[in-house]
file structure_21.cif (mmCIF, C-alpha atoms)
data_coords
loop_
_atom_site.group_PDB
_atom_site.id
_atom_site.type_symbol
_atom_site.label_atom_id
_atom_site.label_comp_id
_atom_site.auth_asym_id
_atom_site.auth_seq_id
_atom_site.Cartn_x
_atom_site.Cartn_y
_atom_site.Cartn_z
ATOM 1 C CA MET A 1 0.000 0.000 0.000
ATOM 2 C CA MET A 2 2.807 2.395 0.995
ATOM 3 C CA SER A 3 4.729 1.631 -2.205
ATOM 4 C CA ARG A 4 1.644 2.352 -4.312
ATOM 5 C CA LEU A 5 1.076 5.639 -2.419
ATOM 6 C CA THR A 6 4.697 6.658 -2.855
ATOM 7 C CA PHE A 7 4.474 5.878 -6.567
ATOM 8 C CA CYS A 8 1.315 7.980 -6.923
ATOM 9 C CA VAL A 9 2.850 10.949 -5.092
ATOM 10 C CA SER A 10 5.999 10.722 -7.202
ATOM 11 C CA SER A 11 3.945 10.572 -10.378
ATOM 12 C CA LEU A 12 1.920 13.631 -9.366
ATOM 13 C CA LEU A 13 5.089 15.587 -8.545
ATOM 14 C CA LEU A 14 6.600 14.580 -11.889
ATOM 15 C CA MET A 15 3.470 15.684 -13.730
ATOM 16 C CA ALA A 16 3.421 18.990 -11.831
ATOM 17 C CA GLY A 17 7.083 19.588 -12.665
ATOM 18 C CA SER A 18 6.476 18.812 -16.320
ATOM 19 C CA ALA A 19 3.518 21.195 -16.462
ATOM 20 C CA ALA A 20 5.576 23.951 -14.820
ATOM 21 C CA ALA A 21 8.361 23.419 -17.341
ATOM 22 C CA GLN A 22 5.939 23.642 -20.262
ATOM 23 C CA ASP A 23 4.529 26.885 -18.843
ATOM 24 C CA TYR A 24 8.005 28.382 -18.381
ATOM 25 C CA PRO A 25 8.540 31.274 -17.971
ATOM 26 C CA ASN A 26 5.491 32.723 -16.230
ATOM 27 C CA LYS A 27 7.238 35.202 -13.919
ATOM 28 C CA GLN A 28 10.374 37.332 -13.851
ATOM 29 C CA ILE A 29 13.797 35.697 -14.062
ATOM 30 C CA SER A 30 16.830 36.657 -11.983
ATOM 31 C CA LEU A 31 20.203 36.807 -13.740
ATOM 32 C CA ALA A 32 22.903 36.978 -11.069
ATOM 33 C CA VAL A 33 26.047 38.975 -11.822
ATOM 34 C CA PRO A 34 28.971 38.057 -9.523
ATOM 35 C CA PHE A 35 30.381 41.588 -9.505
ATOM 36 C CA ALA A 36 29.374 45.135 -8.630
ATOM 37 C CA ALA A 37 27.138 47.310 -10.769
ATOM 38 C CA GLY A 38 28.958 49.340 -13.393
ATOM 39 C CA GLY A 39 31.680 46.763 -14.012
ATOM 40 C CA PRO A 40 32.406 44.950 -17.299
ATOM 41 C CA THR A 41 30.338 41.818 -16.596
ATOM 42 C CA ASP A 42 27.476 43.923 -15.283
ATOM 43 C CA THR A 43 27.497 46.027 -18.468
ATOM 44 C CA LEU A 44 27.390 42.918 -20.642
ATOM 45 C CA ALA A 45 24.671 41.330 -18.476
ATOM 46 C CA ARG A 46 22.405 44.373 -18.675
ATOM 47 C CA ASN A 47 22.649 44.425 -22.457
ATOM 48 C CA LEU A 48 21.952 40.697 -22.553
ATOM 49 C CA GLY A 49 19.049 41.101 -20.135
ATOM 50 C CA VAL A 50 17.294 43.463 -22.545
ATOM 51 C CA SER A 51 17.502 40.911 -25.360
ATOM 52 C CA LEU A 52 16.524 37.937 -23.173
ATOM 53 C CA THR A 53 13.496 39.829 -21.878
ATOM 54 C CA GLN A 54 12.325 40.313 -25.457
ATOM 55 C CA GLN A 55 12.899 36.661 -26.352
ATOM 56 C CA LEU A 56 11.356 35.101 -23.225
ATOM 57 C CA LYS A 57 8.474 37.586 -22.917
ATOM 58 C CA GLN A 58 9.245 37.893 -19.206
ATOM 59 C CA GLN A 59 11.375 40.453 -17.382
ATOM 60 C CA VAL A 60 14.974 39.370 -16.818
ATOM 61 C CA VAL A 61 16.190 41.236 -13.740
ATOM 62 C CA ILE A 62 19.904 41.788 -13.161
ATOM 63 C CA GLU A 63 20.938 41.018 -9.586
ATOM 64 C CA ASN A 64 24.417 42.108 -8.512
ATOM 65 C CA VAL A 65 25.779 39.667 -5.930
ATOM 66 C CA ALA A 66 29.367 40.819 -5.524
ATOM 67 C CA GLY A 67 32.078 39.422 -3.297
ATOM 68 C CA ALA A 68 34.721 36.724 -2.925
ATOM 69 C CA GLY A 69 35.851 36.901 -6.533
ATOM 70 C CA GLY A 70 32.426 35.986 -7.872
ATOM 71 C CA THR A 71 32.022 32.843 -5.780
ATOM 72 C CA ILE A 72 29.119 34.155 -3.658
ATOM 73 C CA ALA A 73 26.833 34.595 -6.668
ATOM 74 C CA ALA A 74 27.985 31.335 -8.236
ATOM 75 C CA ASN A 75 27.298 29.418 -5.039
ATOM 76 C CA ARG A 76 23.891 31.063 -4.579
ATOM 77 C CA VAL A 77 22.734 30.003 -8.035
ATOM 78 C CA ALA A 78 24.195 26.515 -7.600
ATOM 79 C CA LYS A 79 22.047 26.100 -4.468
ATOM 80 C CA ALA A 80 18.921 27.789 -5.922
ATOM 81 C CA LYS A 81 15.710 25.989 -6.832
ATOM 82 C CA PRO A 82 16.287 24.348 -10.249
ATOM 83 C CA ASP A 83 13.286 25.849 -12.000
ATOM 84 C CA GLY A 84 14.914 28.237 -14.485
ATOM 85 C CA TYR A 85 14.153 31.421 -12.558
ATOM 86 C CA SER A 86 17.617 31.765 -11.000
ATOM 87 C CA LEU A 87 20.406 32.049 -13.573
ATOM 88 C CA LEU A 88 24.052 33.062 -13.467
ATOM 89 C CA ILE A 89 26.248 34.905 -15.928
ATOM 90 C CA HIS A 90 29.932 34.516 -15.139
ATOM 91 C CA HIS A 91 33.160 35.141 -16.952
ATOM 92 C CA ILE A 92 36.557 33.449 -17.055
ATOM 93 C CA GLY A 93 36.488 33.434 -13.243
ATOM 94 C CA MET A 94 34.316 30.313 -13.332
ATOM 95 C CA SER A 95 37.336 28.426 -14.657
ATOM 96 C CA THR A 96 39.905 29.931 -12.279
ATOM 97 C CA ALA A 97 37.944 29.518 -9.026
ATOM 98 C CA PRO A 98 38.854 25.820 -8.510
ATOM 99 C CA ALA A 99 42.557 26.701 -8.455
ATOM 100 C CA LEU A 100 42.234 30.004 -6.569
ATOM 101 C CA TYR A 101 40.037 28.841 -3.687
ATOM 102 C CA ARG A 102 41.000 26.037 -1.323
ATOM 103 C CA MET A 103 37.458 25.770 0.099
ATOM 104 C CA LEU A 104 35.258 26.382 -2.937
ATOM 105 C CA PRO A 105 31.603 25.733 -1.934
ATOM 106 C CA PHE A 106 30.529 24.626 -5.407
ATOM 107 C CA ASN A 107 31.895 22.598 -8.307
ATOM 108 C CA PRO A 108 31.743 24.332 -11.721
ATOM 109 C CA LEU A 109 31.781 20.952 -13.476
ATOM 110 C CA THR A 110 28.982 19.216 -11.552
ATOM 111 C CA ASP A 111 26.695 21.800 -9.927
ATOM 112 C CA TYR A 112 25.205 23.477 -13.000
ATOM 113 C CA GLU A 113 23.240 22.999 -16.150
ATOM 114 C CA TYR A 114 25.002 24.866 -18.933
ATOM 115 C CA ILE A 115 23.101 27.232 -21.235
ATOM 116 C CA GLY A 116 25.828 28.571 -23.519
ATOM 117 C CA GLN A 117 28.549 31.120 -24.097
ATOM 118 C CA VAL A 118 27.691 34.763 -24.716
ATOM 119 C CA ALA A 119 30.583 37.001 -25.698
ATOM 120 C CA ASP A 120 34.333 37.449 -25.712
ATOM 121 C CA VAL A 121 35.772 40.680 -24.348
ATOM 122 C CA PRO A 122 39.356 41.771 -25.116
ATOM 123 C CA MET A 123 41.607 43.214 -22.434
ATOM 124 C CA THR A 124 43.654 46.409 -22.530
ATOM 125 C CA VAL A 125 46.879 47.327 -20.780
ATOM 126 C CA ILE A 126 46.334 50.836 -19.424
ATOM 127 C CA ALA A 127 48.043 53.300 -17.085
ATOM 128 C CA LYS A 128 47.554 56.620 -15.346
ATOM 129 C CA THR A 129 47.993 59.519 -17.748
ATOM 130 C CA GLY A 130 51.202 60.742 -16.107
ATOM 131 C CA LEU A 131 53.185 57.526 -16.581
ATOM 132 C CA PRO A 132 56.267 58.423 -18.734
ATOM 133 C CA PRO A 133 56.452 55.542 -21.300
ATOM 134 C CA ASP A 134 54.798 56.280 -24.671
ATOM 135 C CA ASN A 135 54.606 52.750 -26.063
ATOM 136 C CA LEU A 136 54.719 49.119 -24.931
ATOM 137 C CA THR A 137 58.450 48.675 -25.494
ATOM 138 C CA GLU A 138 59.180 51.688 -23.332
ATOM 139 C CA LEU A 139 56.659 50.513 -20.750
ATOM 140 C CA ILE A 140 58.263 47.094 -20.336
ATOM 141 C CA ALA A 141 61.700 48.642 -19.903
ATOM 142 C CA TYR A 142 60.296 51.194 -17.447
ATOM 143 C CA VAL A 143 58.522 48.538 -15.366
ATOM 144 C CA LYS A 144 61.644 46.379 -15.142
ATOM 145 C CA LYS A 145 63.722 49.359 -14.043
ATOM 146 C CA ASN A 146 61.183 50.702 -11.528
ATOM 147 C CA LYS A 147 59.357 47.569 -10.366
ATOM 148 C CA GLU A 148 59.901 48.382 -6.672
ATOM 149 C CA LYS A 149 58.140 51.748 -7.084
ATOM 150 C CA LEU A 150 55.193 50.753 -9.281
ATOM 151 C CA ASN A 151 51.867 49.107 -8.534
ATOM 152 C CA LEU A 152 49.222 47.292 -10.554
ATOM 153 C CA GLY A 153 45.565 47.620 -9.640
ATOM 154 C CA ASN A 154 42.828 45.036 -10.097
ATOM 155 C CA ALA A 155 39.186 44.432 -9.228
ATOM 156 C CA GLY A 156 39.952 41.772 -6.621
ATOM 157 C CA LEU A 157 41.173 38.203 -6.351
ATOM 158 C CA GLY A 158 39.987 36.136 -9.303
ATOM 159 C CA ALA A 159 38.758 39.121 -11.300
ATOM 160 C CA ALA A 160 39.699 39.238 -14.981
ATOM 161 C CA SER A 161 41.912 42.255 -14.285
ATOM 162 C CA HIS A 162 43.758 40.248 -11.625
ATOM 163 C CA LEU A 163 44.361 37.311 -13.969
ATOM 164 C CA CYS A 164 45.454 39.527 -16.848
ATOM 165 C CA GLY A 165 47.840 41.345 -14.538
ATOM 166 C CA LEU A 166 49.387 38.063 -13.396
ATOM 167 C CA LEU A 167 49.933 37.003 -16.999
ATOM 168 C CA PHE A 168 51.397 40.364 -17.955
ATOM 169 C CA MET A 169 53.926 40.303 -15.117
ATOM 170 C CA SER A 170 54.805 36.704 -15.898
ATOM 171 C CA ARG A 171 55.244 37.445 -19.598
ATOM 172 C CA ILE A 172 57.537 40.461 -19.114
ATOM 173 C CA GLU A 173 59.316 38.730 -16.203
ATOM 174 C CA ALA A 174 58.835 41.569 -13.737
ATOM 175 C CA ASN A 175 56.825 41.436 -10.513
ATOM 176 C CA ILE A 176 55.341 44.637 -9.117
ATOM 177 C CA THR A 177 53.042 45.303 -6.178
ATOM 178 C CA THR A 178 49.399 44.430 -6.867
ATOM 179 C CA VAL A 179 46.597 46.442 -5.295
ATOM 180 C CA PRO A 180 43.181 44.719 -5.154
ATOM 181 C CA TYR A 181 39.990 46.765 -5.039
ATOM 182 C CA ASN A 182 36.393 45.777 -4.332
ATOM 183 C CA GLY A 183 35.330 45.909 -7.959
ATOM 184 C CA THR A 184 36.377 47.391 -11.273
ATOM 185 C CA ALA A 185 34.817 50.832 -10.733
ATOM 186 C CA PRO A 186 36.923 51.755 -7.671
ATOM 187 C CA ALA A 187 40.047 50.364 -9.343
ATOM 188 C CA MET A 188 39.420 52.527 -12.405
ATOM 189 C CA THR A 189 38.759 55.555 -10.207
ATOM 190 C CA ALA A 190 42.075 54.981 -8.441
ATOM 191 C CA LEU A 191 43.896 54.698 -11.767
ATOM 192 C CA MET A 192 42.373 57.903 -13.137
ATOM 193 C CA GLY A 193 43.203 59.626 -9.851
ATOM 194 C CA GLY A 194 46.817 58.503 -9.991
ATOM 195 C CA GLN A 195 46.695 56.341 -6.855
ATOM 196 C CA ILE A 196 47.813 53.306 -8.885
ATOM 197 C CA ASP A 197 50.059 53.144 -11.930
ATOM 198 C CA LEU A 198 48.823 50.316 -14.133
ATOM 199 C CA MET A 199 45.863 48.068 -14.782
ATOM 200 C CA CYS A 200 44.839 45.392 -17.259
ATOM 201 C CA ASP A 201 41.089 45.378 -17.781
ATOM 202 C CA GLN A 202 38.276 44.580 -20.201
ATOM 203 C CA THR A 203 37.339 46.898 -23.047
ATOM 204 C CA THR A 204 33.770 47.083 -21.725
ATOM 205 C CA ASN A 205 35.247 49.064 -18.837
ATOM 206 C CA THR A 206 38.134 50.878 -20.511
ATOM 207 C CA THR A 207 36.960 51.925 -23.983
ATOM 208 C CA GLN A 208 35.272 55.164 -22.917
ATOM 209 C CA GLN A 209 38.118 56.067 -20.564
ATOM 210 C CA ILE A 210 40.676 55.507 -23.337
ATOM 211 C CA LYS A 211 38.720 57.544 -25.892
ATOM 212 C CA SER A 212 38.245 60.402 -23.449
ATOM 213 C CA GLY A 213 41.970 60.480 -22.608
ATOM 214 C CA ARG A 214 41.428 59.792 -18.916
ATOM 215 C CA VAL A 215 43.808 56.827 -19.028
ATOM 216 C CA LYS A 216 46.848 55.951 -21.130
ATOM 217 C CA VAL A 217 46.640 52.805 -23.268
ATOM 218 C CA TYR A 218 49.525 50.560 -24.333
ATOM 219 C CA GLY A 219 47.761 47.825 -26.277
ATOM 220 C CA VAL A 220 44.948 45.302 -26.626
ATOM 221 C CA THR A 221 45.369 41.620 -25.833
ATOM 222 C CA THR A 222 43.762 40.092 -28.936
ATOM 223 C CA ALA A 223 45.349 38.742 -32.112
ATOM 224 C CA GLN A 224 43.644 41.450 -34.188
ATOM 225 C CA ARG A 225 42.890 45.059 -33.394
ATOM 226 C CA VAL A 226 39.543 45.850 -31.798
ATOM 227 C CA ALA A 227 37.154 47.737 -34.078
ATOM 228 C CA SER A 228 36.024 50.177 -31.379
ATOM 229 C CA LEU A 229 39.688 50.942 -30.554
ATOM 230 C CA SER A 230 41.187 50.645 -34.015
ATOM 231 C CA MET A 231 43.871 53.213 -33.193
ATOM 232 C CA VAL A 232 45.261 50.972 -30.423
ATOM 233 C CA PRO A 233 47.843 48.370 -31.541
ATOM 234 C CA THR A 234 47.838 44.813 -30.230
ATOM 235 C CA LEU A 235 50.523 43.683 -27.824
ATOM 236 C CA ALA A 236 51.701 41.199 -30.464
ATOM 237 C CA GLU A 237 52.167 44.018 -33.001
ATOM 238 C CA GLN A 238 54.536 45.635 -30.540
ATOM 239 C CA GLY A 239 56.617 42.530 -29.983
ATOM 240 C CA LEU A 240 54.935 40.852 -27.003
ATOM 241 C CA LYS A 241 54.105 37.554 -28.676
ATOM 242 C CA GLY A 242 51.973 34.824 -27.140
ATOM 243 C CA PHE A 243 49.999 37.147 -24.886
ATOM 244 C CA GLU A 244 46.464 36.797 -26.178
ATOM 245 C CA ILE A 245 43.572 36.777 -23.767
ATOM 246 C CA SER A 246 39.860 37.485 -24.114
ATOM 247 C CA VAL A 247 37.397 37.244 -21.269
ATOM 248 C CA TRP A 248 34.683 34.767 -22.203
ATOM 249 C CA HIS A 249 31.254 34.721 -20.559
ATOM 250 C CA GLY A 250 28.695 31.949 -20.078
ATOM 251 C CA VAL A 251 25.194 31.516 -18.673
ATOM 252 C CA TYR A 252 24.391 28.793 -16.118
ATOM 253 C CA ALA A 253 21.360 27.330 -14.303
ATOM 254 C CA PRO A 254 21.244 25.139 -11.160
ATOM 255 C CA LYS A 255 21.821 21.410 -11.649
ATOM 256 C CA GLY A 256 18.558 19.574 -12.149
ATOM 257 C CA THR A 257 16.762 22.314 -14.061
ATOM 258 C CA PRO A 258 14.320 20.485 -16.394
ATOM 259 C CA LYS A 259 15.568 19.867 -19.933
ATOM 260 C CA LEU A 260 12.486 21.544 -21.394
ATOM 261 C CA VAL A 261 13.390 24.720 -19.497
ATOM 262 C CA ILE A 262 17.032 24.482 -20.536
ATOM 263 C CA ASP A 263 15.996 24.060 -24.173
ATOM 264 C CA LYS A 264 13.870 27.216 -23.972
ATOM 265 C CA LEU A 265 16.742 29.140 -22.394
ATOM 266 C CA VAL A 266 19.231 27.929 -25.003
ATOM 267 C CA SER A 267 16.877 28.999 -27.790
ATOM 268 C CA ALA A 268 16.362 32.421 -26.201
ATOM 269 C CA LEU A 269 20.081 32.895 -25.576
ATOM 270 C CA GLN A 270 20.972 31.965 -29.152
ATOM 271 C CA ALA A 271 18.479 34.475 -30.510
ATOM 272 C CA SER A 272 19.693 37.151 -28.067
ATOM 273 C CA VAL A 273 23.370 36.686 -28.845
ATOM 274 C CA GLN A 274 22.694 36.886 -32.581
ATOM 275 C CA ASP A 275 20.388 39.905 -32.222
ATOM 276 C CA ALA A 276 21.730 42.817 -34.285
ATOM 277 C CA GLN A 277 21.041 45.403 -31.583
ATOM 278 C CA PHE A 278 22.775 43.334 -28.910
ATOM 279 C CA LYS A 279 25.817 42.791 -31.117
ATOM 280 C CA SER A 280 25.952 46.493 -31.941
ATOM 281 C CA ARG A 281 25.618 47.614 -28.311
ATOM 282 C CA ILE A 282 28.395 45.388 -26.999
ATOM 283 C CA GLY A 283 30.479 45.980 -30.126
ATOM 284 C CA GLU A 284 30.693 49.656 -29.235
ATOM 285 C CA LEU A 285 32.408 48.536 -26.031
ATOM 286 C CA GLY A 286 34.874 46.266 -27.807
ATOM 287 C CA ALA A 287 33.062 43.016 -26.997
ATOM 288 C CA GLN A 288 32.178 40.408 -29.605
ATOM 289 C CA ALA A 289 29.168 38.104 -29.522
ATOM 290 C CA VAL A 290 30.139 34.454 -29.997
ATOM 291 C CA SER A 291 29.018 32.403 -32.983
ATOM 292 C CA LYS A 292 25.791 30.400 -32.651
ATOM 293 C CA ASP A 293 27.621 27.068 -32.364
ATOM 294 C CA LYS A 294 29.114 28.245 -29.054
ATOM 295 C CA VAL A 295 25.705 29.046 -27.569
ATOM 296 C CA THR A 296 24.993 25.456 -26.541
ATOM 297 C CA PRO A 297 25.320 23.486 -23.293
ATOM 298 C CA ALA A 298 27.884 21.136 -24.825
ATOM 299 C CA ALA A 299 30.078 23.960 -26.134
ATOM 300 C CA LEU A 300 30.101 25.758 -22.771
ATOM 301 C CA ALA A 301 30.793 22.545 -20.844
ATOM 302 C CA SER A 302 33.718 21.656 -23.106
ATOM 303 C CA HIS A 303 35.171 25.179 -23.015
ATOM 304 C CA LEU A 304 34.879 25.403 -19.230
ATOM 305 C CA LYS A 305 36.698 22.096 -18.743
ATOM 306 C CA THR A 306 39.522 23.175 -21.057
ATOM 307 C CA GLU A 307 39.841 26.560 -19.345
ATOM 308 C CA ILE A 308 39.936 25.010 -15.853
ATOM 309 C CA GLU A 309 42.858 22.828 -16.929
ATOM 310 C CA LYS A 310 44.664 25.793 -18.541
ATOM 311 C CA TRP A 311 44.302 28.235 -15.654
ATOM 312 C CA SER A 312 44.997 25.674 -12.948
ATOM 313 C CA SER A 313 48.621 25.337 -14.017
ATOM 314 C CA ILE A 314 49.066 29.105 -14.452
ATOM 315 C CA ILE A 315 47.656 29.956 -11.017
ATOM 316 C CA LYS A 316 49.584 27.208 -9.241
ATOM 317 C CA LYS A 317 52.785 28.471 -10.843
ATOM 318 C CA ALA A 318 52.004 32.012 -9.649
ATOM 319 C CA GLY A 319 51.326 30.693 -6.135
ATOM 320 C CA VAL A 320 48.130 32.723 -5.674
ATOM 321 C CA TYR A 321 45.481 31.240 -3.367
ATOM 322 C CA ALA A 322 42.537 32.335 -1.255
ATOM 323 C CA ASP A 323 41.098 30.580 1.782
#
call {"tool": "encode", "arguments": {"input": "structure_21.cif", "output": "structure tokens"}}
result
Amino acid sequence: MMSRLTFCVSSLLLMAGSAAAQDYPNKQISLAVPFAAGGPTDTLARNLGVSLTQQLKQQVVIENVAGAGGTIAANRVAKAKPDGYSLLIHHIGMSTAPALYRMLPFNPLTDYEYIGQVADVPMTVIAKTGLPPDNLTELIAYVKKNKEKLNLGNAGLGAASHLCGLLFMSRIEANITTVPYNGTAPAMTALMGGQIDLMCDQTTNTTQQIKSGRVKVYGVTTAQRVASLSMVPTLAEQGLKGFEISVWHGVYAPKGTPKLVIDKLVSALQASVQDAQFKSRIGELGAQAVSKDKVTPAALASHLKTEIEKWSSIIKKAGVYAD
């Protein structure tokens, strides 16, 4: 009797879940951003939110859950109800967290359903306007000669600016003092105010500052020049070979989210990423929407696994950890 009752209850719950999935979405959706408002990932997320709202016919609300290098937001979504109403957009930090944090409360490879990649954002090497060097060659020589006096700002442990800075110092073989801030906005403010000397950050945060002359730029980190900053040479053009990095972004849902819901989200994300207005808006900031074949669960899962392996060795070599 008990077995039959249990079976009936399970069947009813399954039917209710299936009905809810078919009706999805019927209320607003939260898209968690692991960083403060006004930063590069937040800017991308807000542009994406506009397109997703149009595709899903329900409001996609951006929720900034900053702190601990993005792990607070990632953990919150991992533990959220798997119904498709709590989503996460995260950047390259999703792949560096396993190596950076000794006590990571979630597993990027097992605790999520993957939706797809969104966009790639180039990085720029920038400085306060009063720094003497006029080009990358002069900058490298200047840093090596004055490394005890200089500092390099970033948006906090695990932020893209932190990772780019580590790679830059490693590539030019010169370590300088790093100064972490609680987000990209305060780090940029410090750079423009002359409190720090250098920073390596995403074009979504630096393009307007570069164009307005409020910071000095030494190069972009992509193989080709960025259309919105066509006057800025690549690092490779200036002799720093093998230093190519773009900050990729992906969208995630809690593990166990129904496949029907995931399929709807994938379809909406693909349409959003290929939307002409979305591509134009982020293009003005130097970002590039990914091709449609990357906006799939399988593509994001494969890319994340590869990136975790890549960054694990780099971070361990740098000896950077957080408790």
call {"tool": "resolve_selection", "arguments": {"input": "structure_21.cif", "expression": "the PyMOL selection byres ((chain A and resi 163-168) around 9)", "output": "PDB file with C-alpha atoms, in the frame of the given file"}}
result
ATOM      1  CA  GLY A  93      36.488  33.434 -13.243  1.00  0.00           C
ATOM      2  CA  THR A  96      39.905  29.931 -12.279  1.00  0.00           C
ATOM      3  CA  MET A 123      41.607  43.214 -22.434  1.00  0.00           C
ATOM      4  CA  VAL A 125      46.879  47.327 -20.780  1.00  0.00           C
ATOM      5  CA  LEU A 152      49.222  47.292 -10.554  1.00  0.00           C
ATOM      6  CA  GLY A 153      45.565  47.620  -9.640  1.00  0.00           C
ATOM      7  CA  ASN A 154      42.828  45.036 -10.097  1.00  0.00           C
ATOM      8  CA  LEU A 157      41.173  38.203  -6.351  1.00  0.00           C
ATOM      9  CA  GLY A 158      39.987  36.136  -9.303  1.00  0.00           C
ATOM     10  CA  ALA A 159      38.758  39.121 -11.300  1.00  0.00           C
ATOM     11  CA  ALA A 160      39.699  39.238 -14.981  1.00  0.00           C
ATOM     12  CA  SER A 161      41.912  42.255 -14.285  1.00  0.00           C
ATOM     13  CA  HIS A 162      43.758  40.248 -11.625  1.00  0.00           C
ATOM     14  CA  MET A 169      53.926  40.303 -15.117  1.00  0.00           C
ATOM     15  CA  SER A 170      54.805  36.704 -15.898  1.00  0.00           C
ATOM     16  CA  ARG A 171      55.244  37.445 -19.598  1.00  0.00           C
ATOM     17  CA  ILE A 172      57.537  40.461 -19.114  1.00  0.00           C
ATOM     18  CA  GLU A 173      59.316  38.730 -16.203  1.00  0.00           C
ATOM     19  CA  ALA A 174      58.835  41.569 -13.737  1.00  0.00           C
ATOM     20  CA  ASN A 175      56.825  41.436 -10.513  1.00  0.00           C
ATOM     21  CA  THR A 178      49.399  44.430  -6.867  1.00  0.00           C
ATOM     22  CA  MET A 199      45.863  48.068 -14.782  1.00  0.00           C
ATOM     23  CA  CYS A 200      44.839  45.392 -17.259  1.00  0.00           C
ATOM     24  CA  ASP A 201      41.089  45.378 -17.781  1.00  0.00           C
ATOM     25  CA  PHE A 243      49.999  37.147 -24.886  1.00  0.00           C
ATOM     26  CA  ILE A 245      43.572  36.777 -23.767  1.00  0.00           C
ATOM     27  CA  ILE A 314      49.066  29.105 -14.452  1.00  0.00           C
ATOM     28  CA  ILE A 315      47.656  29.956 -11.017  1.00  0.00           C
ATOM     29  CA  ALA A 318      52.004  32.012  -9.649  1.00  0.00           C
TER      30      ALA A 318
END
call {"tool": "atom_distance", "arguments": {"input": "structure_21.cif", "atom1": "atom CA of Leu240 of chain A", "atom2": "atom CA of Thr204 of chain A"}}
result
22.7 Å
call {"tool": "closest_residue", "arguments": {"input": "structure_21.cif", "among": "A:Val273, A:Val320, A:Val232, A:Val179", "to": "Asn135 of chain A", "atoms": "only C-alpha atoms"}}
result
A:Val232
call {"tool": "resolve_selection", "arguments": {"input": "structure_21.cif", "expression": "the PyMOL selection byres ((chain A and resi 188-196) around 6)", "output": "JSON, numbers by chain"}}
result
{"A": [128, 151, 185, 186, 187, 197]}
call {"tool": "resolve_selection", "arguments": {"input": "structure_21.cif", "expression": "the PyMOL selection byres ((chain A and resi 83) around 10)", "output": "count of residues only"}}
result
20
call {"tool": "axis_aligned_box", "arguments": {"input": "structure_21.cif", "around": "segment 68-72 of chain A", "padding_each_side": "4 Å", "output": "lines of an AutoDock Vina configuration file"}}
result
center_x = 32.5
center_y = 34.9
center_z = -5.4
size_x = 14.7
size_y = 12.1
size_z = 12.9
call {"tool": "closest_residue", "arguments": {"input": "structure_21.cif", "among": "A:Pro180, A:Gly319, A:Gly283, A:Pro122", "to": "Thr234 of chain A", "atoms": "all atoms listed in the file"}}
result
A:Pro122
call {"tool": "closest_residue", "arguments": {"input": "structure_21.cif", "among": "A:Gln288, A:Thr203, A:Thr124, A:Gln117", "to": "Leu300 of chain A", "atoms": "all atoms listed in the file"}}
result
A:Gln117
call {"tool": "atom_distance", "arguments": {"input": "structure_21.cif", "atom1": "atom CA of Gln28 of chain A", "atom2": "atom CA of Leu52 of chain A"}}
result
11.2 Å
call {"tool": "residues_around", "arguments": {"input": "structure_21.cif", "residues": "Glu307 of chain A", "least_positions_apart": "5", "cutoff": "12 Å", "atoms": "only C-alpha atoms", "output": "JSON, numbers by chain"}}
result
{"A": [91, 92, 93, 94, 95, 96, 97, 98, 99, 108, 109, 245, 246, 247, 248, 249, 300, 301, 302, 312, 313, 314, 315]}
call {"tool": "write_last_selection", "arguments": {"input": "structure_21.cif", "atoms": "C-alpha atoms", "output": "PDB file, in the frame of the given file"}}
result
ATOM      1  CA  HIS A  91      33.160  35.141 -16.952  1.00  0.00           C
ATOM      2  CA  ILE A  92      36.557  33.449 -17.055  1.00  0.00           C
ATOM      3  CA  GLY A  93      36.488  33.434 -13.243  1.00  0.00           C
ATOM      4  CA  MET A  94      34.316  30.313 -13.332  1.00  0.00           C
ATOM      5  CA  SER A  95      37.336  28.426 -14.657  1.00  0.00           C
ATOM      6  CA  THR A  96      39.905  29.931 -12.279  1.00  0.00           C
ATOM      7  CA  ALA A  97      37.944  29.518  -9.026  1.00  0.00           C
ATOM      8  CA  PRO A  98      38.854  25.820  -8.510  1.00  0.00           C
ATOM      9  CA  ALA A  99      42.557  26.701  -8.455  1.00  0.00           C
ATOM     10  CA  PRO A 108      31.743  24.332 -11.721  1.00  0.00           C
ATOM     11  CA  LEU A 109      31.781  20.952 -13.476  1.00  0.00           C
ATOM     12  CA  ILE A 245      43.572  36.777 -23.767  1.00  0.00           C
ATOM     13  CA  SER A 246      39.860  37.485 -24.114  1.00  0.00           C
ATOM     14  CA  VAL A 247      37.397  37.244 -21.269  1.00  0.00           C
ATOM     15  CA  TRP A 248      34.683  34.767 -22.203  1.00  0.00           C
ATOM     16  CA  HIS A 249      31.254  34.721 -20.559  1.00  0.00           C
ATOM     17  CA  LEU A 300      30.101  25.758 -22.771  1.00  0.00           C
ATOM     18  CA  ALA A 301      30.793  22.545 -20.844  1.00  0.00           C
ATOM     19  CA  SER A 302      33.718  21.656 -23.106  1.00  0.00           C
ATOM     20  CA  SER A 312      44.997  25.674 -12.948  1.00  0.00           C
ATOM     21  CA  SER A 313      48.621  25.337 -14.017  1.00  0.00           C
ATOM     22  CA  ILE A 314      49.066  29.105 -14.452  1.00  0.00           C
ATOM     23  CA  ILE A 315      47.656  29.956 -11.017  1.00  0.00           C
TER      24      ILE A 315
END
call {"tool": "closest_atom_pairs", "arguments": {"input": "structure_21.cif", "of": "segment 148-261 of chain A", "to": "segment 29-38 of chain A", "cutoff": "9 Å", "atoms": "all atoms listed in the file", "output": "CSV"}}
result
residue,atom,partner,partner_atom,distance
A:Ala159,CA,A:Phe35,CA,8.9
A:Asn182,CA,A:Ala36,CA,8.3
A:Gly183,CA,A:Ala36,CA,6.0
A:Thr184,CA,A:Ala36,CA,7.8
A:Ala185,CA,A:Gly38,CA,6.6
A:Asn205,CA,A:Gly38,CA,8.3
A:Val251,CA,A:Leu31,CA,8.8
